[in-house]
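K.L.:
Below is a structure I'd like to ask you about.
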Amino acid sequence: MQPPVMQAPQMQAPQMQTPGLAAPGLLVDNNAPQSSAATAKDKAIAADARVANLFGEVHQVDELPANREPLARSPAADAVFREEALGRRTADVGDLLRRSKGAHGVSIQNRTPIVSDTRVRGQRVGQVLASGSYWAPARMDLDTMMSKIDSRLVQDSILIKGPYASRYGPGFRFVDLEFLQSPRYENGYEGHGSTSGTYTSNGEQFYGRQSFWGGSDDYGFHISYGHRTGNDYETGQDGFFIPASYKSRDLFVAYGFDLNDHEKVEFNALRLDQTDLEFPGLVTDLNFLITDGYEVTYTNDAPSFADRFTSEVWYNRTRFEGDTRRPGKARQIPSLVDAFQPSFLGAADGSTTTDGDALSGGYRFESTFFSCGSQTSIGTDLIYLNQELNEYDYYDPDPNDNNFPIPRSDSIDVGAYAERIVQWDDDVVVTAGTRIDGVFTDSRDIVAGVPEPLSVLEETTLDKEFFLGSAYLTANRDLGRGWNSSAGMGFAMRQPTLTEMYAEYTFIGSLQRGLTFLDGDPELDSERLYQLDLGLQYNSDDVMFGLHGHHAWIQNYITYDLFDPAGTVDGFQQGASFVNTDLATLSGFETYGQIELTSMVSTFGILTYLEGRDHTRLEPSRHTGDTVRSGNSTVDEEPLPGIAPMEARVGFLIHDPSPEDCWGVELAARIVDNQDRVATTLQEIETPGFTVYDIRGYRRFGNLLVTSGFENLTNKFYREHIDYRSGLGVFRPGFAFYVGGELTY
């Protein structure tokens, strides 16, 4: 085989509070139903709070609902709320995490203006789990775990940056998504709605959303439809246009009902329909992508066998087709024209086509027990993944050898876990958890367009099994006078993804150079991570400060080796294989501060630094028997690829000091250092630093909220370190003005 905008409902769903940390070091057990009623004054206060949170704060974990806060009680957790999606003009959930002041250690690769790959402390697609209903990508470069979910459909997101959770499956980093819930109204039926829209000048991007919600004292519903369109955007300072047009539509439905005063059922459904998506740094664009997602949650706050029981069942499926036919593709990557002639000169079927089909399904059953000063949760889950990808390169004259696929493959993960929160004394709260998993994978051996069985090509059997474990221990201590400290240590294992095991020379954008085809290895070992975290925080009425350091050792870290370091194939492409390296490390720190200078002026700052290193680049690949890796015989260790440089964000927030909070303006600068810590054996190159300035504001007129802003105020010409270098290179948008409005009724 040859390599080839809407506002939150007036009422949230009633929540049953669990023991949580109302303040650092204080464990509160409110295991009684909370009233679902709200007075007019309560609603007004809630509305003001939503407007005040349009720009968020640098630390927001303590603002989570009582039933969500225990999930974020670790030294490496952040919380982000949906209100910022409106204030910061975000697209998907990854974009929201990246722009929020409350999420630290996050970088994203903008594949398109509405598709982003979220990187959490150096971990990427397949290494970061997006749970709730376990979202998984169909193809790791054309869609991602969170690009399917509009940021305004998520009530909150909890970012856990270490192995300090056991309920989400085997992994090292987790994002827990909470979709909007159905509301309740104590005084009988109520119905509400909102109409919103946003226009952005650069790329002529339009976003509109229409929502309706309502219900009574024992049921509620939420229906929302969103529509996005955009054209090519222009880079900064006499730059050029990047082919990144798109059309996207989504329909979201939430419906919930109470069986009695302690049992309720919540149903969520999401339909995403995207067409004509251009990916400027990749070989193929998408003609269409369709995702259907369903989730049902049952909660019982007074079961006979526990103090609370929760069950979740989910099913998600994504299907897509794409090719290289669009003129923008040849304009952005001219070398494709030379490589794929005569296809680009008139062949009806194009030079390359791709199609994919992936699904995720499973369940999670969890029982919780409360006792004096402690909370214990035990559970079991099953996660089923199924994936298929075809990539036909029609420039190859042999029809029996023109498919470079990920064959139909699947994995079944059966797991059990336990977590315990203990109030150790008046000042210390300790959390511990453990998990075990059995993961079983397999792949179809015979695939159309592949000349030999995959097991023959890989010289191994395709069915594999992995037995995984994890454990962690964290502690939070109230030091008094507003100071708190936190610490954590954890161990976790992660099995290879289906892409890492079974990809067969597939053009998947992964390394910085962009045009790279990847070869999987069914013999890959599971990664083993050991991590330590230390944190110090201070909170008062007008000052917020935090400093968090972390270090992780990863054995059998899955990285890349190049096939042909001395040259390229067809003049433009490079092959790489997934391999284990014996030892890699990830270490760094995140610090943040916020000061309220006056009743109407506050200032903030965030600084993030991450260092990733491969310590065994001279070790031969254990599975291929190669004596050198990526043609390297001199470099013993080097930085890991795809690590974002040091970054700071500073700014001022000026807002209405009155209780109505009718207006606000944020002036912010994003300062990114140059990145000279690069993986030279993987042909990664250095990236210069840059500074980008933004201004955002809002003004409320009764039920009408108007937002606007200027992004990249100085029209800076720049690109991120992890942007693709394919063809002319992918650069970030230049100056843009946006304006939006939302009417709630």
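Ligands are numbered from 1 in the order shown, residues from 1 within each chain, and chains are lettered A, B, ... in the order they appear in the structure tokens.
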Name the residues in contact with Ile722 in chain A at a cut-off of 6 Å, using only C-alpha atoms, excluding same-chain residues fewer than 2 positions from it; report them as a list in words.
P.N.:
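Final neighbour list, sorted by chain and number: Gln512, Gly642 and Glu720 of chain A.
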K.L.:
For Lys329 in chain A, which of A:Ile446, A:Met544, A:Leu359, A:Leu282 is the closest residue, counting only C-alpha atoms?
P.N.:
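Result for the nearest residue to Lys329 in chain A: A:Leu282.
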K.L.:
So that I can see what lies close to Ile406 in chain A, please list as a PyMOL selection string the residues with an atom at most 10 Å from it, counting only C-alpha atoms and leaving out residues fewer than 5 positions away in the same chain.
P.N.:
chain A and resi 139+356+387-391+443-444+447+498-506+519-520
K.L.:
Assign secondary structure with DSSP using the backbone only, and return the residues of range 271-479 of chain A in strand (DSSP E or B) as a PyMOL selection string.
P.N.:
chain A and resi 271-277+285-300+308-323+352-371+374-393+403+406-423+428-443+464-479
K.L.:
Find the residues near Phe466 in chain A: any atom within 7 Å, counting only C-alpha atoms, skip ones fewer than 2 places away on the same chain, and give them as an mmCIF file with N, CA and C atoms, in the first residue's frame.
P.N.:
data_model
loop_
_atom_site.group_PDB
_atom_site.id
_atom_site.type_symbol
_atom_site.label_atom_id
_atom_site.label_comp_id
_atom_site.auth_asym_id
_atom_site.auth_seq_id
_atom_site.Cartn_x
_atom_site.Cartn_y
_atom_site.Cartn_z
ATOM 1 N N GLY A 438 -11.973 -2.039 32.026
ATOM 2 C CA GLY A 438 -11.578 -2.998 31.016
ATOM 3 C C GLY A 438 -12.014 -2.473 29.666
ATOM 4 N N VAL A 439 -11.055 -2.232 28.771
ATOM 5 C CA VAL A 439 -11.343 -1.666 27.451
ATOM 6 C C VAL A 439 -10.979 -2.701 26.395
ATOM 7 N N PHE A 440 -11.919 -2.971 25.499
ATOM 8 C CA PHE A 440 -11.740 -3.997 24.471
ATOM 9 C C PHE A 440 -11.987 -3.363 23.108
ATOM 10 N N LYS A 464 -7.711 -6.043 20.647
ATOM 11 C CA LYS A 464 -6.820 -5.751 21.757
ATOM 12 C C LYS A 464 -7.644 -5.520 23.017
ATOM 13 N N LEU A 468 -7.111 -0.994 32.897
ATOM 14 C CA LEU A 468 -6.651 0.313 33.343
ATOM 15 C C LEU A 468 -7.086 0.582 34.777
ATOM 16 N N GLN A 495 -5.933 4.411 27.391
ATOM 17 C CA GLN A 495 -5.683 3.514 26.272
ATOM 18 C C GLN A 495 -5.544 4.306 24.973
#
K.L.:
With a distance cut-off of 6 Å and only C-alpha atoms, select the neighbouring residues of range 576-582 of chain A, excluding the residue or stretch itself and same-chain residues fewer than 6 positions from it, and output the selection as a tab-separated table (two decimals) with C-alpha atoms, in the first residue's frame.
P.N.:
chain	number	residue	atom	x	y	z
A	518	LEU	CA	-0.82	9.13	9.80
A	519	ASP	CA	-0.27	5.43	10.35
A	520	GLY	CA	-1.70	3.83	13.46
A	555	GLN	CA	5.19	6.74	30.72
A	556	ASN	CA	4.52	5.33	27.22
A	557	TYR	CA	3.40	8.78	26.06
A	558	ILE	CA	1.89	8.51	22.55
A	559	THR	CA	3.65	10.82	20.11
A	560	TYR	CA	4.83	10.77	16.46
A	561	ASP	CA	7.75	9.59	14.35
A	562	LEU	CA	8.25	10.81	10.78
A	563	PHE	CA	8.56	8.29	7.95
K.L.:
Using DSSP assignments from the backbone, pull out every residue in range 51-190 of chain A that falls under alpha helix (DSSP H) and give it to me as an NGL selection string.
P.N.:
:A and (51-52 or 83-87 or 93-99)
K.L.:
Within 7 Å of range 361-364 of chain A, counting only C-alpha atoms, which residues show up once you throw out same-chain ones fewer than 2 positions away? Write them as number ranges by chain, please.
P.N.:
A: 311-316, 359, 366, 380-385
K.L.:
How far is it from CA of Asp425 in chain A to CA of Gln531 in chain A, in Å with one decimal?
P.N.:
25.7 Å
K.L.:
What's the separation between CA of Leu705 in chain A and CA of Gln210 in chain A, in Å to one decimal place?
P.N.:
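Between these atoms lies a distance of 14.7 Å.
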K.L.:
Have a look at A:Tyr609, A:Phe517, A:Tyr693, A:Phe369 and name the one nearest to Gly549 in chain A; count only C-alpha atoms.
P.N.:
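The shortest atom-to-atom distance to Gly549 in chain A comes from A:Tyr609.
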K.L.:
Please determine, counting only C-alpha atoms, which residue among A:Phe589, A:Tyr394, A:His262, A:Phe701 has the shortest atom-to-atom distance to Ser304 in chain A.
P.N.:
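Closest residue, counting only C-alpha atoms: A:His262.
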K.L.:
Just checking: using only C-alpha atoms, which residue out of A:Asp413, A:Ala330, A:Asn300, A:Gly239 ends up closest to Asn715 in chain A?
P.N.:
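The closest residue to Asn715 in chain A is A:Gly239.
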K.L.:
Do you know which residues are at most 9 Å from Leu277 in chain A counting only C-alpha atoms, after dropping those on the same chain fewer than 2 positions away, and could you put them as an NGL selection string?
P.N.:
:A and (112 or 244-248 or 274-275 or 279 or 285-289 or 322)
K.L.:
Take the residues just selected and output them with N, CA, C and O atoms as an mmCIF file, in the first residue's frame.
P.N.:
data_model
loop_
_atom_site.group_PDB
_atom_site.id
_atom_site.type_symbol
_atom_site.label_atom_id
_atom_site.label_comp_id
_atom_site.auth_asym_id
_atom_site.auth_seq_id
_atom_site.Cartn_x
_atom_site.Cartn_y
_atom_site.Cartn_z
ATOM 1 N N THR A 112 -11.592 26.271 11.994
ATOM 2 C CA THR A 112 -12.404 27.257 11.273
ATOM 3 C C THR A 112 -12.944 28.203 12.340
ATOM 4 O O THR A 112 -12.766 27.958 13.535
ATOM 5 N N ALA A 244 -12.452 30.150 4.747
ATOM 6 C CA ALA A 244 -12.991 29.578 5.981
ATOM 7 C C ALA A 244 -14.497 29.802 6.070
ATOM 8 O O ALA A 244 -15.031 30.072 7.141
ATOM 9 N N SER A 245 -15.193 29.687 4.957
ATOM 10 C CA SER A 245 -16.638 29.895 4.959
ATOM 11 C C SER A 245 -17.349 28.709 5.596
ATOM 12 O O SER A 245 -16.803 27.603 5.686
ATOM 13 N N TYR A 246 -18.602 28.913 6.022
ATOM 14 C CA TYR A 246 -19.341 27.853 6.698
ATOM 15 C C TYR A 246 -20.830 28.185 6.736
ATOM 16 O O TYR A 246 -21.235 29.355 6.597
ATOM 17 N N LYS A 247 -21.624 27.148 6.945
ATOM 18 C CA LYS A 247 -23.052 27.252 7.228
ATOM 19 C C LYS A 247 -23.366 26.222 8.307
ATOM 20 O O LYS A 247 -22.969 25.067 8.178
ATOM 21 N N SER A 248 -24.050 26.654 9.342
ATOM 22 C CA SER A 248 -24.307 25.748 10.456
ATOM 23 C C SER A 248 -25.671 26.038 11.060
ATOM 24 O O SER A 248 -26.051 27.195 11.244
ATOM 25 N N GLN A 274 -24.321 20.928 9.534
ATOM 26 C CA GLN A 274 -23.349 21.865 8.984
ATOM 27 C C GLN A 274 -23.074 21.523 7.524
ATOM 28 O O GLN A 274 -22.994 20.344 7.163
ATOM 29 N N THR A 275 -22.930 22.548 6.700
ATOM 30 C CA THR A 275 -22.646 22.351 5.278
ATOM 31 C C THR A 275 -21.608 23.370 4.817
ATOM 32 O O THR A 275 -21.465 24.446 5.400
ATOM 33 N N PHE A 279 -11.824 24.191 5.508
ATOM 34 C CA PHE A 279 -10.741 24.056 6.476
ATOM 35 C C PHE A 279 -9.453 24.486 5.792
ATOM 36 O O PHE A 279 -8.874 23.707 5.028
ATOM 37 N N ASP A 285 -12.168 19.632 2.691
ATOM 38 C CA ASP A 285 -13.210 20.411 3.332
ATOM 39 C C ASP A 285 -14.405 19.495 3.587
ATOM 40 O O ASP A 285 -14.439 18.350 3.122
ATOM 41 N N LEU A 286 -15.407 20.013 4.279
ATOM 42 C CA LEU A 286 -16.619 19.241 4.546
ATOM 43 C C LEU A 286 -17.767 19.742 3.682
ATOM 44 O O LEU A 286 -18.074 20.938 3.676
ATOM 45 N N ASN A 287 -18.387 18.810 2.959
ATOM 46 C CA ASN A 287 -19.618 19.145 2.258
ATOM 47 C C ASN A 287 -20.790 19.185 3.228
ATOM 48 O O ASN A 287 -21.653 20.043 3.138
ATOM 49 N N PHE A 288 -20.812 18.234 4.156
ATOM 50 C CA PHE A 288 -21.822 18.276 5.215
ATOM 51 C C PHE A 288 -21.323 17.479 6.408
ATOM 52 O O PHE A 288 -20.482 16.580 6.286
ATOM 53 N N LEU A 289 -21.846 17.828 7.578
ATOM 54 C CA LEU A 289 -21.640 17.080 8.809
ATOM 55 C C LEU A 289 -22.935 17.137 9.596
ATOM 56 O O LEU A 289 -23.494 18.222 9.803
ATOM 57 N N GLY A 322 -16.722 14.877 2.629
ATOM 58 C CA GLY A 322 -15.936 16.026 2.205
ATOM 59 C C GLY A 322 -15.059 15.702 1.022
ATOM 60 O O GLY A 322 -14.931 14.534 0.615
#
K.L.:
Provide the CA of Thr284 in chain A to CA of Phe507 in chain A distance in Å, to one decimal place.
P.N.:
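CA of Phe507 in chain A lies at a distance of 8.7 Å from CA of Thr284 in chain A.
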K.L.:
Using only C-alpha atoms, can you tell me which of A:Arg513, A:Arg98, A:Arg670, A:Arg249 comes closest to Arg725 in chain A?
P.N.:
A:Arg513
K.L.:
Identify which of the residues A:Tyr738, A:Phe320, A:Trp213, A:Phe365 lies closest to Leu272 in chain A, counting only C-alpha atoms when measuring atom-to-atom distances.
P.N.:
A:Phe320
